[in-house]
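Data from query-v1.txt: compact mmCIF, C-alpha atoms and all ligand atoms
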# COMPACT_ATOMS: atom_id res chain seq x y z
CA MET L 1 52.46 -8.40 -46.13
CA GLU L 2 52.21 -4.65 -46.33
CA ARG L 3 48.84 -3.10 -46.08
CA ALA L 4 47.53 -1.52 -49.23
CA THR L 5 48.04 2.21 -49.06
CA GLU L 6 46.70 5.01 -51.14
CA PRO L 7 49.18 5.57 -53.94
CA ASP L 8 47.50 8.50 -55.62
CA VAL L 9 47.58 11.70 -53.62
CA ALA L 10 44.98 13.39 -55.82
CA TYR L 11 42.29 10.95 -54.79
CA ARG L 12 43.00 11.46 -51.11
CA GLN L 13 41.46 14.89 -51.56
CA ILE L 14 38.09 13.34 -52.29
CA MET L 15 36.37 13.07 -48.94
CA THR L 16 33.30 11.05 -49.71
CA PHE L 17 32.61 9.83 -46.15
CA ASN L 18 31.39 11.98 -43.32
CA ASP L 19 34.26 11.92 -40.85
CA ASP L 20 32.09 11.23 -37.81
CA ALA L 21 30.07 8.34 -39.24
CA ARG L 22 30.51 5.11 -37.26
CA LEU L 23 31.37 2.10 -39.41
CA ASP L 24 30.48 -1.55 -38.80
CA THR L 25 33.83 -3.34 -38.65
CA SER L 26 32.15 -6.77 -38.57
CA LYS L 27 31.45 -6.61 -42.32
CA VAL L 28 35.06 -6.94 -43.50
CA ARG L 29 37.94 -9.19 -42.48
CA ARG L 30 41.45 -9.58 -43.77
CA ALA L 31 42.26 -13.22 -44.40
CA GLY L 32 44.98 -15.11 -42.79
CA GLY L 33 47.76 -12.88 -41.46
CA GLY L 34 49.91 -13.45 -44.55
CA LYS L 35 49.37 -17.20 -44.55
CA GLY L 36 46.83 -16.94 -47.30
CA ILE L 37 44.16 -18.87 -45.42
CA ALA L 38 40.57 -17.87 -45.30
CA VAL L 39 37.69 -20.15 -44.57
CA GLY L 40 34.44 -20.31 -46.40
CA GLY L 41 31.19 -22.05 -45.63
CA GLY L 42 32.18 -25.20 -47.44
CA VAL L 43 35.13 -26.03 -45.24
CA GLY L 44 34.67 -28.94 -42.84
CA VAL L 45 33.34 -28.28 -39.37
CA VAL L 46 36.52 -29.40 -37.65
CA ALA L 47 38.66 -27.13 -39.79
CA ILE L 48 36.37 -24.18 -39.13
CA LEU L 49 36.48 -24.70 -35.39
CA LEU L 50 40.23 -25.15 -35.44
CA ILE L 51 40.86 -22.06 -37.52
CA GLY L 52 38.32 -20.19 -35.44
CA GLN L 53 40.31 -21.01 -32.34
CA LEU L 54 43.55 -19.99 -33.99
CA LEU L 55 42.13 -16.67 -35.08
CA GLY L 56 40.19 -16.15 -31.88
CA VAL L 57 36.94 -15.43 -33.68
CA ASP L 58 33.54 -17.00 -33.49
CA LEU L 59 32.89 -18.79 -36.74
CA SER L 60 29.88 -20.73 -35.51
CA GLY L 61 27.73 -18.71 -37.88
CA LEU L 62 29.34 -20.65 -40.71
CA LEU L 63 28.19 -24.00 -39.38
CA GLY L 64 24.75 -23.80 -40.86
CA GLY L 65 24.92 -27.06 -42.76
CA GLY L 66 25.66 -25.35 -46.04
CA THR L 67 22.41 -23.49 -46.43
CA ALA L 68 22.39 -19.74 -46.30
CA PRO L 69 24.91 -19.04 -43.56
CA GLN L 70 24.44 -15.61 -42.03
CA SER L 71 27.72 -14.57 -43.44
CA THR L 72 30.43 -13.72 -40.96
CA ALA L 73 33.77 -12.90 -42.47
CA SER L 74 36.73 -14.71 -40.98
CA GLY L 75 40.21 -13.42 -40.35
CA GLU L 76 41.52 -10.29 -38.76
CA PRO L 77 38.98 -7.56 -38.09
CA LEU L 78 39.98 -4.09 -39.23
CA ASP L 79 39.72 -2.48 -35.83
CA ARG L 80 41.26 0.77 -37.04
CA CYS L 81 38.34 1.32 -39.43
CA THR L 82 35.68 2.61 -37.06
CA THR L 83 34.99 6.04 -38.54
CA GLY L 84 34.20 7.71 -41.83
CA ALA L 85 37.47 9.61 -41.46
CA SER L 86 39.38 6.32 -41.61
CA ALA L 87 37.51 5.40 -44.79
CA ASN L 88 38.62 8.64 -46.40
CA GLU L 89 42.25 7.88 -45.61
CA ASP L 90 42.75 4.17 -46.04
CA VAL L 91 41.73 1.88 -48.88
CA GLU L 92 40.85 -1.06 -46.62
CA CYS L 93 38.77 1.15 -44.34
CA ARG L 94 37.02 2.40 -47.46
CA VAL L 95 35.92 -1.18 -48.09
CA VAL L 96 34.54 -1.26 -44.52
CA GLY L 97 32.72 2.01 -45.16
CA ALA L 98 31.25 0.80 -48.43
CA ALA L 99 30.14 -2.49 -46.84
CA THR L 100 28.51 -0.66 -43.93
CA SER L 101 26.59 1.63 -46.27
CA LEU L 102 25.67 -1.19 -48.67
CA ASP L 103 24.26 -3.30 -45.85
CA ASP L 104 22.13 -0.42 -44.61
CA PHE L 105 20.96 0.36 -48.15
CA TRP L 106 19.97 -3.24 -48.92
CA THR L 107 18.30 -3.77 -45.55
CA ASP L 108 15.90 -1.02 -46.62
CA THR L 109 15.79 -1.76 -50.36
CA TYR L 110 15.73 -5.55 -50.54
CA PRO L 111 11.96 -5.90 -49.90
CA SER L 112 11.37 -4.04 -53.18
CA VAL L 113 13.20 -6.71 -55.22
CA GLY L 114 12.93 -9.94 -53.20
CA ASP L 115 10.01 -11.61 -51.44
CA ASN L 116 12.14 -13.39 -48.83
CA ARG L 117 14.15 -11.87 -45.99
CA TYR L 118 17.34 -9.94 -46.63
CA ALA L 119 20.46 -11.63 -45.28
CA SER L 120 23.75 -9.78 -45.19
CA THR L 121 27.02 -10.69 -46.89
CA SER L 122 30.52 -9.67 -45.93
CA VAL L 123 33.88 -9.03 -47.54
CA THR L 124 37.08 -11.03 -47.14
CA LEU L 125 40.21 -9.14 -48.14
CA PHE L 126 43.10 -11.29 -49.20
CA SER L 127 46.51 -11.22 -50.80
CA GLY L 128 47.85 -13.85 -53.14
CA GLN L 129 45.27 -16.58 -52.85
CA VAL L 130 42.31 -17.55 -50.76
CA GLN L 131 40.36 -20.70 -49.98
CA THR L 132 36.60 -20.34 -50.41
CA ALA L 133 33.55 -22.59 -50.60
CA CYS L 134 33.83 -22.07 -54.37
CA GLY L 135 37.38 -23.39 -54.39
CA ARG L 136 40.79 -21.82 -54.15
CA ALA L 137 41.15 -18.52 -55.95
CA SER L 138 44.05 -16.25 -56.71
CA SER L 139 44.24 -12.50 -57.10
CA ALA L 140 44.31 -13.01 -60.86
CA VAL L 141 40.55 -13.64 -61.00
CA GLY L 142 39.74 -10.18 -59.65
CA PRO L 143 37.07 -9.46 -57.06
CA PHE L 144 34.35 -12.10 -56.91
CA TYR L 145 31.27 -13.30 -55.05
CA CYS L 146 31.00 -16.93 -53.95
CA PRO L 147 27.34 -18.00 -53.76
CA ALA L 148 28.18 -21.17 -51.78
CA ASP L 149 29.45 -19.23 -48.76
CA GLN L 150 27.69 -15.96 -49.66
CA MET L 151 30.87 -13.96 -49.32
CA ILE L 152 32.66 -11.34 -51.37
CA TYR L 153 36.40 -11.78 -51.92
CA LEU L 154 38.60 -8.84 -52.80
CA ASP L 155 42.30 -8.34 -53.23
CA THR L 156 42.80 -4.61 -52.89
CA ASP L 157 45.73 -4.88 -55.31
CA PHE L 158 42.95 -5.04 -57.92
CA TYR L 159 42.55 -1.32 -57.45
CA ASP L 160 46.11 -0.85 -58.65
CA ALA L 161 45.27 -3.00 -61.68
CA LEU L 162 42.26 -0.80 -62.37
CA ARG L 163 44.50 2.24 -62.54
CA GLY L 164 47.28 0.40 -64.32
CA SER L 165 46.61 -2.33 -66.88
CA LEU L 166 42.84 -1.78 -67.05
CA GLY L 167 43.28 1.94 -67.67
CA ALA L 168 40.58 3.32 -65.36
CA GLN L 169 40.95 6.37 -63.14
CA GLY L 170 40.00 4.25 -60.14
CA GLY L 171 39.03 6.94 -57.63
CA SER L 172 37.29 6.31 -54.34
CA LEU L 173 33.77 5.92 -55.71
CA ALA L 174 35.08 3.62 -58.44
CA GLN L 175 36.66 1.43 -55.75
CA MET L 176 33.33 1.25 -53.95
CA TYR L 177 31.46 0.55 -57.19
CA VAL L 178 33.45 -2.68 -57.44
CA ILE L 179 32.20 -3.76 -53.99
CA ALA L 180 28.67 -2.61 -54.80
CA HIS L 181 28.74 -4.77 -57.95
CA GLU L 182 29.74 -7.85 -55.94
CA TRP L 183 27.08 -7.01 -53.33
CA GLY L 184 24.66 -6.89 -56.25
CA HIS L 185 25.54 -10.50 -57.05
CA HIS L 186 24.65 -11.37 -53.47
CA ILE L 187 21.24 -9.73 -53.98
CA SER L 188 20.68 -11.76 -57.17
CA ASN L 189 21.65 -14.86 -55.20
CA LEU L 190 19.18 -14.07 -52.40
CA THR L 191 16.31 -13.43 -54.81
CA GLY L 192 16.94 -16.80 -56.49
CA THR L 193 17.81 -15.25 -59.85
CA MET L 194 21.38 -16.51 -59.76
CA SER L 195 20.48 -20.18 -59.33
CA ALA L 196 17.72 -20.07 -61.96
CA ILE L 197 19.79 -18.98 -64.93
CA ASP L 198 21.70 -20.81 -67.63
CA ARG L 199 25.35 -20.38 -66.65
CA GLU L 200 26.74 -22.03 -69.77
CA GLY L 201 25.86 -19.47 -72.40
CA THR L 202 28.00 -16.49 -73.38
CA GLY L 203 27.40 -13.52 -75.64
CA PRO L 204 25.83 -10.07 -75.33
CA LYS L 205 22.32 -11.38 -74.54
CA SER L 206 23.28 -14.43 -72.49
CA ASP L 207 21.98 -15.06 -69.00
CA GLY L 208 25.50 -14.59 -67.67
CA VAL L 209 25.75 -11.12 -69.16
CA ARG L 210 22.25 -10.27 -67.86
CA LEU L 211 23.34 -11.29 -64.36
CA GLU L 212 26.43 -9.07 -64.58
CA LEU L 213 24.41 -6.12 -65.87
CA GLN L 214 21.94 -6.63 -63.04
CA ALA L 215 24.84 -6.33 -60.58
CA ASP L 216 25.95 -3.11 -62.31
CA CYS L 217 22.38 -1.80 -62.07
CA PHE L 218 22.15 -2.66 -58.36
CA ALA L 219 25.50 -0.88 -57.87
CA GLY L 220 24.09 2.21 -59.55
CA ALA L 221 21.01 2.09 -57.31
CA TRP L 222 23.26 2.07 -54.25
CA VAL L 223 25.37 4.98 -55.52
CA ALA L 224 22.19 7.01 -55.88
CA GLY L 225 20.95 6.05 -52.40
CA ALA L 226 24.27 5.92 -50.54
CA SER L 227 24.09 9.43 -49.12
CA GLN L 228 20.80 8.47 -47.44
CA THR L 229 22.34 5.56 -45.52
CA ARG L 230 23.00 6.38 -41.87
CA ASP L 231 24.66 5.05 -38.74
CA GLU L 232 22.73 4.48 -35.51
CA ALA L 233 23.22 8.09 -34.43
CA GLY L 234 21.68 9.29 -37.70
CA THR L 235 24.90 10.47 -39.33
CA ALA L 236 24.95 9.81 -43.08
CA PHE L 237 27.84 7.54 -44.06
CA LEU L 238 28.54 9.22 -47.36
CA LYS L 239 28.21 12.61 -48.93
CA ALA L 240 26.30 12.72 -52.20
CA PRO L 241 28.65 11.80 -55.04
CA THR L 242 29.99 14.58 -57.22
CA GLN L 243 29.57 14.52 -61.01
CA ALA L 244 33.30 13.81 -61.26
CA GLU L 245 32.98 10.79 -58.99
CA ILE L 246 30.00 9.43 -60.94
CA ALA L 247 31.96 9.88 -64.15
CA ASP L 248 34.81 7.98 -62.53
CA ALA L 249 32.54 5.08 -61.54
CA LEU L 250 31.17 4.99 -65.11
CA ASP L 251 34.73 5.05 -66.40
CA THR L 252 35.46 1.97 -64.29
CA ALA L 253 32.35 0.19 -65.56
CA SER L 254 33.57 0.99 -69.04
CA ALA L 255 37.15 -0.15 -68.40
CA ILE L 256 35.99 -3.61 -67.34
CA GLY L 257 33.58 -4.09 -70.24
CA ASP L 258 34.33 -7.24 -72.20
CA ASP L 259 34.86 -5.38 -75.48
CA ARG L 260 37.35 -2.99 -73.90
CA ILE L 261 39.26 -5.83 -72.30
CA GLN L 262 39.25 -7.76 -75.58
CA GLU L 263 40.39 -4.69 -77.49
CA ARG L 264 43.48 -4.58 -75.34
CA ALA L 265 44.02 -8.28 -76.00
CA GLY L 266 43.70 -7.68 -79.76
CA GLN L 267 40.35 -9.08 -80.91
CA VAL L 268 36.76 -8.31 -79.97
CA ASN L 269 34.40 -11.27 -80.13
CA PRO L 270 30.93 -10.54 -78.69
CA GLU L 271 29.96 -14.23 -78.68
CA THR L 272 32.42 -14.88 -75.86
CA TRP L 273 31.26 -12.00 -73.66
CA THR L 274 30.47 -12.88 -70.08
CA HIS L 275 30.06 -9.44 -68.48
CA GLY L 276 28.75 -7.18 -71.20
CA SER L 277 30.21 -4.41 -73.28
CA SER L 278 31.42 -1.08 -71.92
CA GLU L 279 28.28 0.56 -73.28
CA GLN L 280 25.98 -2.05 -71.71
CA ARG L 281 27.70 -1.79 -68.35
CA GLN L 282 27.46 2.01 -68.32
CA LYS L 283 23.83 1.89 -69.45
CA TRP L 284 22.74 -0.43 -66.64
CA PHE L 285 24.73 1.39 -63.98
CA THR L 286 22.91 4.55 -65.09
CA THR L 287 19.54 2.76 -65.09
CA GLY L 288 20.01 1.77 -61.46
CA PHE L 289 21.31 5.20 -60.55
CA GLU L 290 18.39 7.04 -62.14
CA ARG L 291 15.50 4.60 -61.56
CA GLY L 292 16.48 2.50 -58.55
CA ALA L 293 16.77 -1.21 -57.82
CA THR L 294 13.30 -2.10 -59.06
CA ALA L 295 14.40 -1.10 -62.59
CA CYS L 296 17.16 -3.74 -62.56
CA ASP L 297 15.28 -6.69 -64.11
CA THR L 298 17.78 -7.24 -66.89
CA PHE L 299 16.18 -10.61 -67.63
CA ALA L 300 12.93 -8.96 -68.71
CA ALA L 301 14.67 -6.41 -70.93
CA ASP L 302 14.66 -6.95 -74.71
CA ALA L 303 17.27 -4.31 -75.38
CA LEU L 304 20.32 -4.62 -73.20
ZN ZN X 1 30.22 -9.62 -61.64

Translate this file's structure into structure tokens.
Ligand SMILES: [Zn+2]
Amino acid sequence: MERATEPDVAYRQIMTFNDDARLDTSKVRRAGGGKGIAVGGGVGVVAILLIGQLLGVDLSGLLGGGTAPQSTASGEPLDRCTTGASANEDVECRVVGAATSLDDFWTDTYPSVGDNRYASTSVTLFSGQVQTACGRASSAVGPFYCPADQMIYLDTDFYDALRGSLGAQGGSLAQMYVIAHEWGHHISNLTGTMSAIDREGTGPKSDGVRLELQADCFAGAWVAGASQTRDEAGTAFLKAPTQAEIADALDTASAIGDDRIQERAGQVNPETWTHGSSEQRQKWFTTGFERGATACDTFAADAL
């Protein structure tokens, strides 16, 4: 399986990471060496140990009996992704860079939104399909967060879909916004919000839409704070986003609004919305960006 490369030369000019920043390569793994296998927290102990031996990684962190594993991604580490420079060049290293910055941001920010301890998540990159504690998933579902194993799953081919069928510009900040949104779901899971809601309802004011808009808001809060996140030597991971990059992230939020997606399919029906409209998604991203994570209580808001 070929590694995802950067198809659009124009976006390679956008250097959002500081070249010297040191990234945490433990936050992202690529699943399964082309075999399409990744393990999640719900896999049996024997299978985890066996796969752990095959991959030569320590998966014992997953054996927490199903409750809140300190998430350790399984699969191949991305050893080439140790610097900010690598994140500017390579789409998979950009995921590592985003995850490193997000973890630092939420370590500092989580106490303002949750009254328990922050626990990290991690990202599993995959191609084709992947086995998770939430079941087997294919690339067709797009990036997702699995609450049962507290991991984010991402097929970087999704970025091509963003630029192609979904019609977004899909620049570097937009790519990271997608990860920040999934990380936002992890935050809602940690705070207990995710397990408390009614998952059955749909529509523009449903709990499901509120949860998605909360993730957009958390993503916006990170974008605003990202340039303040630093490695151990004090080097900021990211430069402050440009107006063009912020517009690009908003464009992505808009492109994956339910109404926009339904428009392309032919008929817009708000009662079936699960993620919110383009306008709602942009509004809540902006709310997080301008007012921070504490402004992201979408469940208390009358007007979404
Ligand atoms: Zn979501």

Check the smallest atom-to-atom distance from each of L:Thr193, L:Ser112, L:Ser120, L:Ser254 to L:Ala174 using all atoms listed in the file, then report the winner.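 Residue with the minimum atom-to-atom distance to L:Ala174: L:Ser254.
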
If you count all atoms listed in the file, which residues end up within 7 Å of ligand ZN 1 (chain X), as a PyMOL selection string? chain L and resi 144+181-182+185+212+215+275

What is the atom CA of L:Arg281-atom CA of L:Gln262 distance in Å, reported with one decimal?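 A separation of 14.9 Å between them.
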
Report, in Å with one decimal, the straight-line distance from atom CA of L:Ile152 to atom CA of L:Ala133.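 Atom CA of L:Ile152 sits 11.3 Å away from atom CA of L:Ala133.
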
Need the shell around stretch 77-91 of chain L: protein/DNA/RNA residues with any atom at most 6 Å away, counting all atoms listed in the file. Skip same-chain ones fewer than 3 positions apart. Format as a PyMOL selection string? chain L and resi 15+17-23+29+94+97

Which one is closest to L:Gln175: L:Ala293, L:Ala119, L:Val95, L:Val268? Count only C-alpha atoms.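 Nearest candidate to L:Gln175 out of L:Ala293, L:Ala119, L:Val95, L:Val268: L:Val95.
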
Kindly give the distance, in Å, that separates atom CA of L:Lys205 and atom CA of L:Glu279, rounded to a single decimal.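 Answer for the atom CA of L:Lys205 to atom CA of L:Glu279 separation: 13.4 Å.
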
Axis-aligned box over every listed atom of stretch 195-203 of chain L, padded by 6 Å per side: centre and edges in Å to one decimal, as lines of an AutoDock Vina configuration file?
center_x = 22.9
center_y = -17.8
center_z = -67.5
size_x = 22.3
size_y = 20.5
size_z = 28.3

For stretch 167-198 of chain L, supply N, CA and C atoms and format the output as a PDB file, in the frame of the given file.
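Produced file out_25.pdb, reproduced below:
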ATOM      1  N   GLY L 167      43.378   0.593 -67.118  1.00  0.00           N
ATOM      2  CA  GLY L 167      43.280   1.940 -67.670  1.00  0.00           C
ATOM      3  C   GLY L 167      42.143   2.791 -67.144  1.00  0.00           C
ATOM      4  N   ALA L 168      41.623   2.479 -65.942  1.00  0.00           N
ATOM      5  CA  ALA L 168      40.580   3.320 -65.360  1.00  0.00           C
ATOM      6  C   ALA L 168      41.211   4.343 -64.421  1.00  0.00           C
ATOM      7  N   GLN L 169      40.458   5.383 -64.095  1.00  0.00           N
ATOM      8  CA  GLN L 169      40.950   6.370 -63.140  1.00  0.00           C
ATOM      9  C   GLN L 169      40.999   5.770 -61.729  1.00  0.00           C
ATOM     10  N   GLY L 170      39.969   4.991 -61.392  1.00  0.00           N
ATOM     11  CA  GLY L 170      40.000   4.250 -60.140  1.00  0.00           C
ATOM     12  C   GLY L 170      39.983   5.076 -58.875  1.00  0.00           C
ATOM     13  N   GLY L 171      39.167   6.122 -58.832  1.00  0.00           N
ATOM     14  CA  GLY L 171      39.030   6.940 -57.630  1.00  0.00           C
ATOM     15  C   GLY L 171      38.200   6.236 -56.566  1.00  0.00           C
ATOM     16  N   SER L 172      37.897   6.961 -55.499  1.00  0.00           N
ATOM     17  CA  SER L 172      37.290   6.310 -54.340  1.00  0.00           C
ATOM     18  C   SER L 172      35.916   5.738 -54.640  1.00  0.00           C
ATOM     19  N   LEU L 173      35.093   6.459 -55.405  1.00  0.00           N
ATOM     20  CA  LEU L 173      33.770   5.920 -55.710  1.00  0.00           C
ATOM     21  C   LEU L 173      33.900   4.706 -56.633  1.00  0.00           C
ATOM     22  N   ALA L 174      34.858   4.755 -57.549  1.00  0.00           N
ATOM     23  CA  ALA L 174      35.080   3.620 -58.440  1.00  0.00           C
ATOM     24  C   ALA L 174      35.472   2.381 -57.640  1.00  0.00           C
ATOM     25  N   GLN L 175      36.287   2.566 -56.605  1.00  0.00           N
ATOM     26  CA  GLN L 175      36.660   1.430 -55.750  1.00  0.00           C
ATOM     27  C   GLN L 175      35.417   0.847 -55.074  1.00  0.00           C
ATOM     28  N   MET L 176      34.538   1.730 -54.639  1.00  0.00           N
ATOM     29  CA  MET L 176      33.330   1.250 -53.950  1.00  0.00           C
ATOM     30  C   MET L 176      32.335   0.641 -54.922  1.00  0.00           C
ATOM     31  N   TYR L 177      32.333   1.139 -56.155  1.00  0.00           N
ATOM     32  CA  TYR L 177      31.460   0.550 -57.190  1.00  0.00           C
ATOM     33  C   TYR L 177      31.771  -0.936 -57.357  1.00  0.00           C
ATOM     34  N   VAL L 178      33.056  -1.281 -57.291  1.00  0.00           N
ATOM     35  CA  VAL L 178      33.450  -2.680 -57.440  1.00  0.00           C
ATOM     36  C   VAL L 178      32.808  -3.529 -56.333  1.00  0.00           C
ATOM     37  N   ILE L 179      32.815  -3.030 -55.105  1.00  0.00           N
ATOM     38  CA  ILE L 179      32.200  -3.760 -53.990  1.00  0.00           C
ATOM     39  C   ILE L 179      30.682  -3.795 -54.166  1.00  0.00           C
ATOM     40  N   ALA L 180      30.118  -2.676 -54.594  1.00  0.00           N
ATOM     41  CA  ALA L 180      28.670  -2.610 -54.800  1.00  0.00           C
ATOM     42  C   ALA L 180      28.224  -3.601 -55.874  1.00  0.00           C
ATOM     43  N   HIS L 181      29.049  -3.792 -56.903  1.00  0.00           N
ATOM     44  CA  HIS L 181      28.740  -4.770 -57.950  1.00  0.00           C
ATOM     45  C   HIS L 181      28.709  -6.185 -57.345  1.00  0.00           C
ATOM     46  N   GLU L 182      29.716  -6.516 -56.545  1.00  0.00           N
ATOM     47  CA  GLU L 182      29.740  -7.850 -55.940  1.00  0.00           C
ATOM     48  C   GLU L 182      28.565  -8.027 -54.967  1.00  0.00           C
ATOM     49  N   TRP L 183      28.241  -6.956 -54.243  1.00  0.00           N
ATOM     50  CA  TRP L 183      27.080  -7.010 -53.330  1.00  0.00           C
ATOM     51  C   TRP L 183      25.808  -7.240 -54.153  1.00  0.00           C
ATOM     52  N   GLY L 184      25.785  -6.672 -55.347  1.00  0.00           N
ATOM     53  CA  GLY L 184      24.660  -6.890 -56.250  1.00  0.00           C
ATOM     54  C   GLY L 184      24.500  -8.352 -56.624  1.00  0.00           C
ATOM     55  N   HIS L 185      25.625  -9.060 -56.796  1.00  0.00           N
ATOM     56  CA  HIS L 185      25.540 -10.500 -57.050  1.00  0.00           C
ATOM     57  C   HIS L 185      24.908 -11.220 -55.858  1.00  0.00           C
ATOM     58  N   HIS L 186      25.254 -10.765 -54.666  1.00  0.00           N
ATOM     59  CA  HIS L 186      24.650 -11.370 -53.470  1.00  0.00           C
ATOM     60  C   HIS L 186      23.127 -11.174 -53.494  1.00  0.00           C
ATOM     61  N   ILE L 187      22.685  -9.994 -53.894  1.00  0.00           N
ATOM     62  CA  ILE L 187      21.240  -9.730 -53.980  1.00  0.00           C
ATOM     63  C   ILE L 187      20.594 -10.679 -54.984  1.00  0.00           C
ATOM     64  N   SER L 188      21.225 -10.838 -56.155  1.00  0.00           N
ATOM     65  CA  SER L 188      20.680 -11.760 -57.170  1.00  0.00           C
ATOM     66  C   SER L 188      20.668 -13.197 -56.666  1.00  0.00           C
ATOM     67  N   ASN L 189      21.630 -13.527 -55.808  1.00  0.00           N
ATOM     68  CA  ASN L 189      21.650 -14.860 -55.200  1.00  0.00           C
ATOM     69  C   ASN L 189      20.485 -15.015 -54.222  1.00  0.00           C
ATOM     70  N   LEU L 190      20.267 -14.002 -53.390  1.00  0.00           N
ATOM     71  CA  LEU L 190      19.180 -14.070 -52.400  1.00  0.00           C
ATOM     72  C   LEU L 190      17.809 -14.167 -53.064  1.00  0.00           C
ATOM     73  N   THR L 191      17.630 -13.425 -54.155  1.00  0.00           N
ATOM     74  CA  THR L 191      16.310 -13.430 -54.810  1.00  0.00           C
ATOM     75  C   THR L 191      16.052 -14.747 -55.550  1.00  0.00           C
ATOM     76  N   GLY L 192      17.090 -15.544 -55.758  1.00  0.00           N
ATOM     77  CA  GLY L 192      16.940 -16.800 -56.490  1.00  0.00           C
ATOM     78  C   GLY L 192      17.263 -16.682 -57.963  1.00  0.00           C
ATOM     79  N   THR L 193      17.497 -15.460 -58.437  1.00  0.00           N
ATOM     80  CA  THR L 193      17.810 -15.250 -59.850  1.00  0.00           C
ATOM     81  C   THR L 193      19.067 -16.003 -60.262  1.00  0.00           C
ATOM     82  N   MET L 194      20.077 -15.939 -59.406  1.00  0.00           N
ATOM     83  CA  MET L 194      21.380 -16.510 -59.760  1.00  0.00           C
ATOM     84  C   MET L 194      21.297 -18.019 -59.996  1.00  0.00           C
ATOM     85  N   SER L 195      20.518 -18.719 -59.183  1.00  0.00           N
ATOM     86  CA  SER L 195      20.480 -20.180 -59.330  1.00  0.00           C
ATOM     87  C   SER L 195      19.547 -20.613 -60.456  1.00  0.00           C
ATOM     88  N   ALA L 196      18.709 -19.704 -60.941  1.00  0.00           N
ATOM     89  CA  ALA L 196      17.720 -20.070 -61.960  1.00  0.00           C
ATOM     90  C   ALA L 196      18.234 -19.942 -63.389  1.00  0.00           C
ATOM     91  N   ILE L 197      19.391 -19.315 -63.561  1.00  0.00           N
ATOM     92  CA  ILE L 197      19.790 -18.980 -64.930  1.00  0.00           C
ATOM     93  C   ILE L 197      20.666 -20.057 -65.559  1.00  0.00           C
ATOM     94  N   ASP L 198      20.821 -19.947 -66.860  1.00  0.00           N
ATOM     95  CA  ASP L 198      21.700 -20.810 -67.630  1.00  0.00           C
ATOM     96  C   ASP L 198      23.114 -20.236 -67.563  1.00  0.00           C
TER      97      ASP L 198
END
